[in-house]
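Below is one structure; the comments refer to it alone.
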Amino acid sequence: MANSDGKNTRTFSSQVVDGMERAPSRAMLHAVGFTAEDFKKPQIGIASTWSMVTPCNMHINTLADNAAQGVDNAGGKAVIFNTITISDGISMGTEGMKYSLVSREVIADSIETVTGCQGFDGVVAIGGCDKNMPGCMIALSRLNRPAIFVYGGTILPGCHKDKKLDVVSVFEAVGARANDKIDDAELAAIESKAIPGAGSCGGMYTANTMASAIEALGMSLPNSSAQAAVSDDKRVDCERAGAAVLNLLEKDIKPSDIMTKKAFENAITVVIALGGSTNAVLHLLAMANASHVDLSLDDFTRIGENVPMLADLKPSGRYQMAELIEIGGIQPLMKILLDTGLLHGDCLTVTGKTLAENLADVTPYPDQQDMIRPLDNPIKKDSHLAILYGNLAEQGAVAKITGKEGLVFSGKAKVFDAEEQALHSILNGDIVKGDVIVIRYEGPKGGPGMREMLSPTSAIMGKGLGKDVALITDGRFSGGTHGFVVGHITPEAQVGGTLALVENGDKVTIDADNKILTLHVDDAEIAARKSKWQQPAPRYTRGVLAKYAKLVNSASQGAVTDN
């Protein structure tokens with residue numbers, strides 16, 4: 001099959017199924033439902049992250065069927081295959097959470113492996129939970145075949161006593177229970193009502209952040225990021241994606257044509273305007289690496305100087321993604337940013353049109369809404385994602401500072417070599433006003449796996465200490481984290497970064513205004529401590545985590561294993 005220019009649209013599948021010598025391959029495919037006519041069609045792999053491991057992905061098998069139907073109706077032959085998912089929300093605060101970031105690499109490797117082996121001509125990848133999305137995108141970049149990403153969609157909010165709930169509500173309720181602000185019955189009620197069904201966590205946490213970033217990047221159809229998981233809109237989105245990938249194949253548009261430096265700048269701009277997760281820094285760096293795009297931490301600073309935070313969304317704000325959907329999703333926001341020159345309108349997208357063309361007829365937000373603030377009255381005039389340097393972060397660190405916490409914090413260090421130790425001290429009341437909690441040896445190599453610190457940060461909030469203590473780590477944070485927090489500190493403790501040398505009682509300052517993270521210990525003392533420091537033995541010596549620790553690079557470079 002050739003496109004209108006006479007180019008073969010079956011570049012890869014023809015190698016697998018064409019000709020007399022490929023009869024055994026065709027025989028195998030007859031058994032899974034291929035007809036003789038199907039062998040003449042472009043084959044489109046549908047990468048499904050379906051699993052009953054988590055509500056984020058429990059519905060994606062149905063969405064994969066919808067996408068496959070769209071492919072088949074448009075003249076292609078869809079083939080559904082699965083990859084893994086894990087649940088951050090379930091594993092959070094446990095040893096198992098070390099596999100979370102690792103799963104991003106496993107997902108990327110598995111999609112690349114299946115697509116490369118089977119000879120699919122294009123790909124539709126459907127992701128739900130946090131690591132699915134960048135994992136899918138890394139794979140699509142490596143393969144560089146016509147492809148579209150589809151977001152599985154957001155969950156609807158739970159409700160208790162007329163208050164909307166999500167999974168972060170439960171984490172914070174644990175802290176409230178530890179502080180005797182609520183009783184066991186109240187905690188059980190919140191626990192049972194917070195997650196009402198399928199879909200990804202409901203605030204502007206990592207899943208919704210990355211879905212929005214990928215739409216801004218141009219790799220999802222317009223409005224794909226702002227649809228409920230179980231809805232007619234999401235079903236249609238999947239069907240349209242199935243058809244759209246055939247259009248990309250016809251026009252020979254590949255991810256490398258879409259995922260350019262300017263497209264990544266658009267993604268960063270939208271993440272900032274939405275007040276998105278710190279994980280977006282890590283994942284966009286990794287996706288850019290896979291795309292051979294030169295993106296660095298300093299690009300986030302450069303772009304962030306001119307882009308305001310406009311969205312009053314959880315975790316630091318009032319609203320959930322389901323409520324943003326009701327007023328139009330992120331498309332009107334992108335139109336505002338485009339019209340004020342903050343987005344590159346000439347970037348190509350998976351529609352085959354430019355971003356500006358996609359946004360041309362977008363309806364503005366309703367006049368009475370207060371979810372997305374006007375440009376002249378932002379929540380914060382510049383980015384909430386502050387890239388900090390200093391003697392504690394010579395290669396950079398990432399802070400999430402909305403301004404509600406203040407912009408500068410100084411305090412005395414309380415040092416922990418693992419997340420569990422810190423959480424125990426917080427819940428026991430050992431952490432007091434003015435403390436800077438230091439959690440180290442949780443980086444990509446040291447953890448290994450760079451766990452998210454949602455349990456300790458939520459416990460801090462539940463204890464009512466959100467404005468009174470800070471937390472710094474070479475680990476990372478859930479998109480649900482808020483408060484005075486700094487993560488992704490590099491070099492990490494495991495490789496001898498200054499974080500490994502901090503002692504209890506040392507003064508630490510987080511200065512988001514000047515973007516500096518400082519340990520107030522003189523250079524001579526730091527050097528003396530360094531001379532006595534010995535690298536801890538690896539926590540794992542066999543298996544996935546050991547392999548990851550050996551291969552992974554710095555968080556400041558995206559914590560990728562494909563160096």
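Each chain in the structure tokens gets a letter, A, B, ..., in the order shown, and its residues are numbered from 1; ligands are numbered from 1 in order too.
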
Selection near segment 291-304 of chain A, 8 Å with only C-alpha atoms, sequence-local residues under 2 positions removed, as a list in words: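 In the requested form, the answer reads Ile138, Ser141, Arg142, Ser256, Met259, Thr260, Lys261, Glu265, Ile268, Thr269, Ile272, Val281, Leu285, Met287, Ala288, Asn289, Asn306, Val307, Pro308, Asp382, Ser383, His384, Leu385, Ala386, Ile387, Gly396, Ser556 and Gln557 of chain A.
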
Shell of 7 Å around segment 107-123 of chain A, only C-alpha atoms, local chain residues under 5 positions omitted, as a list in words: Arg10, Thr11, Phe12, Ser13, Val16, Pro42, Gln43, Ile44, Gly45, Ile46, Ala47, Thr83, Ile84, Asn132, Gly135, Cys136, Ile138, Ala139, Leu143, Arg145, Pro146, Ala147, Ile148 and Val245 of chain A

May I have the residues from that selection written out with N, CA, C and O atoms, as a compact mmCIF listing (two decimals), in the first residue's frame?
# COMPACT_ATOMS: atom_id res chain seq x y z
N ARG A 10 3.78 0.69 4.13
CA ARG A 10 3.98 -0.59 4.82
C ARG A 10 5.47 -0.93 4.90
O ARG A 10 5.89 -2.07 4.74
N THR A 11 6.26 0.08 5.19
CA THR A 11 7.71 -0.08 5.20
C THR A 11 8.17 -1.24 6.09
O THR A 11 9.05 -2.02 5.72
N PHE A 12 7.54 -1.37 7.25
CA PHE A 12 8.00 -2.36 8.23
C PHE A 12 7.20 -3.66 8.16
O PHE A 12 7.77 -4.75 8.19
N SER A 13 5.88 -3.54 8.03
CA SER A 13 5.07 -4.77 8.01
C SER A 13 5.33 -5.59 6.76
O SER A 13 5.24 -6.83 6.79
N VAL A 16 7.75 -8.31 7.16
CA VAL A 16 7.32 -9.43 8.00
C VAL A 16 6.37 -10.37 7.26
O VAL A 16 6.41 -11.59 7.46
N PRO A 42 -1.51 -1.34 6.17
CA PRO A 42 -0.51 -0.95 7.17
C PRO A 42 -0.89 -1.53 8.54
O PRO A 42 -2.08 -1.51 8.91
N GLN A 43 0.07 -2.05 9.24
CA GLN A 43 -0.19 -2.59 10.57
C GLN A 43 0.14 -1.54 11.63
O GLN A 43 1.23 -0.96 11.62
N ILE A 44 -0.82 -1.31 12.51
CA ILE A 44 -0.67 -0.30 13.56
C ILE A 44 -0.71 -1.00 14.92
O ILE A 44 -1.71 -1.63 15.27
N GLY A 45 0.37 -0.90 15.65
CA GLY A 45 0.40 -1.45 17.00
C GLY A 45 -0.35 -0.53 17.96
O GLY A 45 -0.17 0.69 17.93
N ILE A 46 -1.21 -1.12 18.78
CA ILE A 46 -1.91 -0.38 19.83
C ILE A 46 -1.27 -0.79 21.15
O ILE A 46 -1.52 -1.89 21.66
N ALA A 47 -0.42 0.06 21.70
CA ALA A 47 0.29 -0.25 22.94
C ALA A 47 -0.61 0.12 24.12
O ALA A 47 -0.84 1.29 24.41
N THR A 83 1.78 -3.63 27.70
CA THR A 83 2.99 -3.45 28.48
C THR A 83 2.59 -3.30 29.93
O THR A 83 1.40 -3.35 30.26
N ILE A 84 3.57 -3.12 30.80
CA ILE A 84 3.29 -3.11 32.24
C ILE A 84 2.81 -1.74 32.71
O ILE A 84 2.94 -0.72 32.02
N ASN A 132 3.62 5.72 32.73
CA ASN A 132 3.19 5.24 31.42
C ASN A 132 3.46 6.26 30.33
O ASN A 132 3.92 5.93 29.23
N GLY A 135 7.11 6.94 29.48
CA GLY A 135 7.60 5.67 28.96
C GLY A 135 7.15 5.45 27.52
O GLY A 135 7.94 5.07 26.65
N CYS A 136 5.86 5.71 27.27
CA CYS A 136 5.34 5.59 25.90
C CYS A 136 6.05 6.56 24.97
O CYS A 136 6.44 6.21 23.84
N ILE A 138 9.01 8.02 25.19
CA ILE A 138 10.41 7.65 24.93
C ILE A 138 10.46 6.58 23.85
O ILE A 138 11.28 6.64 22.92
N ALA A 139 9.57 5.59 23.95
CA ALA A 139 9.53 4.53 22.94
C ALA A 139 9.17 5.08 21.57
O ALA A 139 9.79 4.73 20.55
N LEU A 143 11.55 4.82 18.19
CA LEU A 143 11.08 4.11 17.00
C LEU A 143 10.97 5.03 15.80
O LEU A 143 11.24 4.64 14.66
N ARG A 145 8.40 6.18 14.16
CA ARG A 145 7.41 5.80 13.16
C ARG A 145 6.14 6.61 13.44
O ARG A 145 5.92 7.03 14.58
N PRO A 146 5.30 6.85 12.44
CA PRO A 146 4.08 7.62 12.69
C PRO A 146 3.36 7.11 13.94
O PRO A 146 3.10 5.91 14.08
N ALA A 147 3.05 8.03 14.87
CA ALA A 147 2.56 7.61 16.18
C ALA A 147 1.77 8.71 16.86
O ALA A 147 1.98 9.90 16.61
N ILE A 148 0.88 8.28 17.74
CA ILE A 148 0.06 9.19 18.54
C ILE A 148 0.00 8.64 19.96
O ILE A 148 -0.08 7.42 20.17
N VAL A 245 -3.55 8.19 13.05
CA VAL A 245 -2.22 7.62 12.81
C VAL A 245 -2.08 7.16 11.36
O VAL A 245 -0.99 7.19 10.79

Option closest in space to Met371 of chain A, from A:Ala470, A:Val236, A:Ile214, A:Leu333 [counting only C-alpha atoms]: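 Nearest candidate to Met371 of chain A out of A:Ala470, A:Val236, A:Ile214, A:Leu333: A:Leu333.
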
Polymer residues at most 8 Å from Pro222 of chain A, only C-alpha atoms, same-chain spacing of 2 or more positions, as an NGL selection string: :A and (215 or 220 or 224-225 or 331 or 358)

DSSP-assigned alpha helix (DSSP H) among segment 170-403 of chain A, expressed as a PyMOL selection string: chain A and resi 170-178+184-193+206-217+232-251+255-258+261-274+279-290+297-304+321-326+331-339+355-359

Minimum-distance residue to Gly199 of chain A, chosen among A:Asp130, A:Asp370, A:Glu172, A:Glu95 (using only C-alpha atoms):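 Closest candidate: A:Asp130.
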
Coordinates-based distance that separates atom CA of Lys412 of chain A from atom CA of Val521 of chain A (Å, one decimal):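 Atom-to-atom, atom CA of Val521 of chain A to atom CA of Lys412 of chain A, that is 11.9 Å.
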
Residue among A:His424, A:Val415, A:Gly446, A:Ala228 lying closest to Asp506 of chain A, counting only C-alpha atoms: A:Val415

Selection: 9 Å around Val270 of chain A, only C-alpha atoms, excl. self and same-chain fewer than 6 positions, as a ChimeraX atom specification: /A:209,212-213,216,276,307,330,333-334,337,343

For atom CA of Cys238 of chain A and atom CA of Gly128 of chain A, the interatomic separation in Å (one decimal):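 Straight-line distance from atom CA of Cys238 of chain A to atom CA of Gly128 of chain A works out to 13.1 Å.
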
Of the listed residues A:Lys262, A:Lys335, A:Arg373, A:Arg22, that which approaches Ala356 of chain A most closely, counting only C-alpha atoms: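 Result for the nearest residue to Ala356 of chain A: A:Lys335.
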